[in-house]
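Here is the structure we will look at, set down as structure tokens.
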Amino acid sequence: MVPLLLQLAVLGAALAAVALILISFVAFITATEMPHLHRQEDEKFFLNARGQREALPSIRDSPTKQLSVVVPSYNEEKRCKPYSIFLKQDPAFTYEVIVVDDGSKDETSKVAFKYCQKYGSDKVRVITLVKNRGKGGAIRMGVFSSRGKKILMADADGATKFPDIEKLEKGLNDLQPWPDQMAIACGSRAHLEKESVAQRSYFRTLLMYGFHFLVWFLCVKGIRDTQCGFKLLTREAASRTFSSLHIERWAFDVELLYIAQFFKIPIAEIAVNWTEIEGSKLVPFWSWLQMGKDLLFIRLRYLTGAWRLEQTRKVN
């Protein structure tokens with residue numbers, strides 16, 4: 001009996017090793033080069049409040065605002081409320097809101113442009129992508145068109161209350177001195193975990209804990225909530241991390257923080273207020289499955305050298 005169990009254990013270990021080798025091989029040969037950083041011709045411009053086209057700035061330019069808020073939006077005509085209406089009214093505080101329409105099929109761009117007409121294109125700008133890139137890809141296009149010393153990622157649904165930016169700013173300042181002026185403050189819902197578990201089904205709770213384990217085991221250590229869409233980065237940190245990003249869809253946050261930890265960029269995790277908003281684009285099972293695959297491939301592709309991190313990368 002014992003020899004049979006031993007043989008089965010050896011066979012199982014051998015099969016697991018073969019499976020890992022095959023998965024690593026697939027991850028390596030299917031790894032694409034860095035997603036194209038260049039824009040379609042129509043994506044190089046935005047419409048000012050008069051409806052005239054103007055060229056977008058670059059992350060490589062010197063900052064001219066204190067804060068840029070990048071709001072990725074896909075089919076958000078009913079929930080798109082650019083954050084300008086919540087921002088500080090202090091005239092000395094300079095900011096911009098960049099709404100990135102990620103190839104929406106509805107009237108997202110038109111709804112957002114009304115805010116541009118109301119507040120002016122110096123405060124609200126709309127970038128309309130020719131085709132859907134994914135949340136990470138949309139945020140990256142907004143980041144590369146920003147003018148702020150600090151850049152805030154914020155979801156279009158407003159699930160995180162905007163005044164919580166003050167918490168992120170404090171968390172960012174507490175990390176000083178910043179190496180090469182780079183630092184990141186991540187909004188976190190980890191403190192709400194017990195409450196969310198009580199409201200979720202056992203299946204969704206299992207998926208959540210499984211995803212958190214994979215994030216910790218494969219990619220990012222020390223950050224309990226990688227997926228909160230409320231993150232504040234210094235301009236230098238945004239340029240370094242987004243210039244190296246491969247993943248453009250839901251798991252992009254994990255790779256972003258993986259890159260940040262590789263470059264030893266200091267990261268603060270800050271508890272924020274968060275409210276569940278109807279209309280989520282995530283389909284629980286299939287979205288978690290896709291993100292789980294992305295996590296495994298992120299780790300394997302960096303491990304096998306299919307993806308490499310460079311100290312600098314040109315942004316076109």
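Each chain in the structure tokens gets a letter, A, B and so on, in the order shown; residues start at 1 in every chain, and ligands are counted from 1 in the order they appear.
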Using the chain letters and numbers from this document, which residues of range 58-202 of chain A does DSSP assign to alpha helix (DSSP H), as a count of residues only? 39
For the contact check between range 224-314 of chain A and range 149-171 of chain A, emit one row per residue of range 224-314 of chain A within 12 Å, containing the shortest atom pair and the distance in Å rounded to one decimal, counting only C-alpha atoms, chain then rising number order, as CSV.
```
residue,atom,partner,partner_atom,distance
A:Gln227,CA,A:Asp155,CA,11.3
A:Cys228,CA,A:Thr160,CA,8.7
A:Gly229,CA,A:Ala154,CA,5.6
A:Phe230,CA,A:Ala154,CA,4.9
A:Lys231,CA,A:Met153,CA,5.2
A:Leu232,CA,A:Leu152,CA,4.4
A:Leu233,CA,A:Ile151,CA,5.2
A:Thr234,CA,A:Lys150,CA,4.5
A:Arg235,CA,A:Lys150,CA,5.2
A:Glu236,CA,A:Lys149,CA,8.4
A:Ala237,CA,A:Lys150,CA,9.2
A:Ala238,CA,A:Ile151,CA,7.3
A:Ser239,CA,A:Ile151,CA,10.1
A:Phe242,CA,A:Ile151,CA,11.8
A:Asp253,CA,A:Met153,CA,10.8
A:Pro266,CA,A:Gly171,CA,10.6
A:Ile267,CA,A:Gly171,CA,8.8
A:Ala268,CA,A:Gly171,CA,6.0
A:Glu269,CA,A:Gly171,CA,7.7
A:Ile270,CA,A:Leu168,CA,6.4
A:Ala271,CA,A:Lys167,CA,8.1
A:Val272,CA,A:Asp164,CA,6.2
A:Asn273,CA,A:Thr160,CA,5.8
A:Trp274,CA,A:Thr160,CA,4.6
A:Thr275,CA,A:Ala159,CA,4.9
A:Glu276,CA,A:Ala159,CA,6.2
A:Ile277,CA,A:Ala159,CA,6.1
A:Glu278,CA,A:Asp157,CA,8.6
A:Gly279,CA,A:Asp157,CA,8.5
A:Ser280,CA,A:Asp157,CA,8.8
A:Lys281,CA,A:Asp157,CA,11.0
```
Pairwise distance, CA of Phe45 in chain A with CA of Ile127 in chain A, equals 7.5 Å
Shell around Phe213 in chain A at 12 Å using only C-alpha atoms, local window under 4 positions removed, as an MDAnalysis selection string: chainID A and resid 206:209 217:226 292 295:296
Select, from A:Val126, A:Lys135, A:Asp102, A:Trp216, the residue with the minimum atom-to-atom distance to Gly51 in chain A, counting only C-alpha atoms.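 With only C-alpha atoms as the atom set, the closest residue is A:Val126.
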Excluding range 137-139 of chain A and its own-chain neighbours fewer than 4 positions away, which residues fall within 6 Å of it when counting only C-alpha atoms? Please give them as a PyMOL selection string. chain A and resi 72+102+133+248
Write the residues you've just listed into a file as a short mmCIF file (atom, residue, chain, number, x, y, z; two decimals), in the first residue's frame, and include all heavy atoms for each of them.
```
data_model
loop_
_atom_site.label_atom_id
_atom_site.label_comp_id
_atom_site.auth_asym_id
_atom_site.auth_seq_id
_atom_site.Cartn_x
_atom_site.Cartn_y
_atom_site.Cartn_z
N PRO A 72 -10.79 56.77 -15.99
CA PRO A 72 -11.09 55.87 -17.10
C PRO A 72 -12.60 55.62 -17.17
O PRO A 72 -13.25 55.41 -16.14
CB PRO A 72 -10.34 54.59 -16.73
CG PRO A 72 -10.33 54.60 -15.22
CD PRO A 72 -10.22 56.06 -14.83
N ASP A 102 -12.81 55.00 -23.03
CA ASP A 102 -12.10 53.82 -23.53
C ASP A 102 -12.88 53.10 -24.62
O ASP A 102 -13.26 51.93 -24.48
CB ASP A 102 -11.83 52.88 -22.35
CG ASP A 102 -10.89 51.73 -22.73
OD1 ASP A 102 -10.16 51.86 -23.73
OD2 ASP A 102 -10.88 50.72 -22.00
N ARG A 133 -9.15 49.67 -25.00
CA ARG A 133 -7.84 49.14 -24.62
C ARG A 133 -7.90 48.38 -23.30
O ARG A 133 -7.00 47.61 -22.99
CB ARG A 133 -6.84 50.29 -24.48
CG ARG A 133 -6.52 51.02 -25.77
CD ARG A 133 -5.60 52.21 -25.49
NE ARG A 133 -5.29 52.96 -26.70
CZ ARG A 133 -4.08 53.05 -27.24
NH1 ARG A 133 -3.07 52.43 -26.69
NH2 ARG A 133 -3.87 53.77 -28.33
N GLU A 248 -3.09 45.57 -19.70
CA GLU A 248 -3.94 46.74 -19.93
C GLU A 248 -5.35 46.57 -19.38
O GLU A 248 -6.13 47.52 -19.40
CB GLU A 248 -4.01 47.06 -21.42
CG GLU A 248 -2.69 47.54 -22.00
CD GLU A 248 -2.83 48.16 -23.36
OE1 GLU A 248 -3.33 47.47 -24.28
OE2 GLU A 248 -2.46 49.34 -23.51
#
```
Within 7 Å of Ser109 in chain A using only C-alpha atoms, minus same-chain residues under 4 positions, as number ranges by chain: A: 101, 113, 126, 128
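Coordinates place CA of Leu129 in chain A at a distance of 21.6 Å from CA of Asp61 in chain A.
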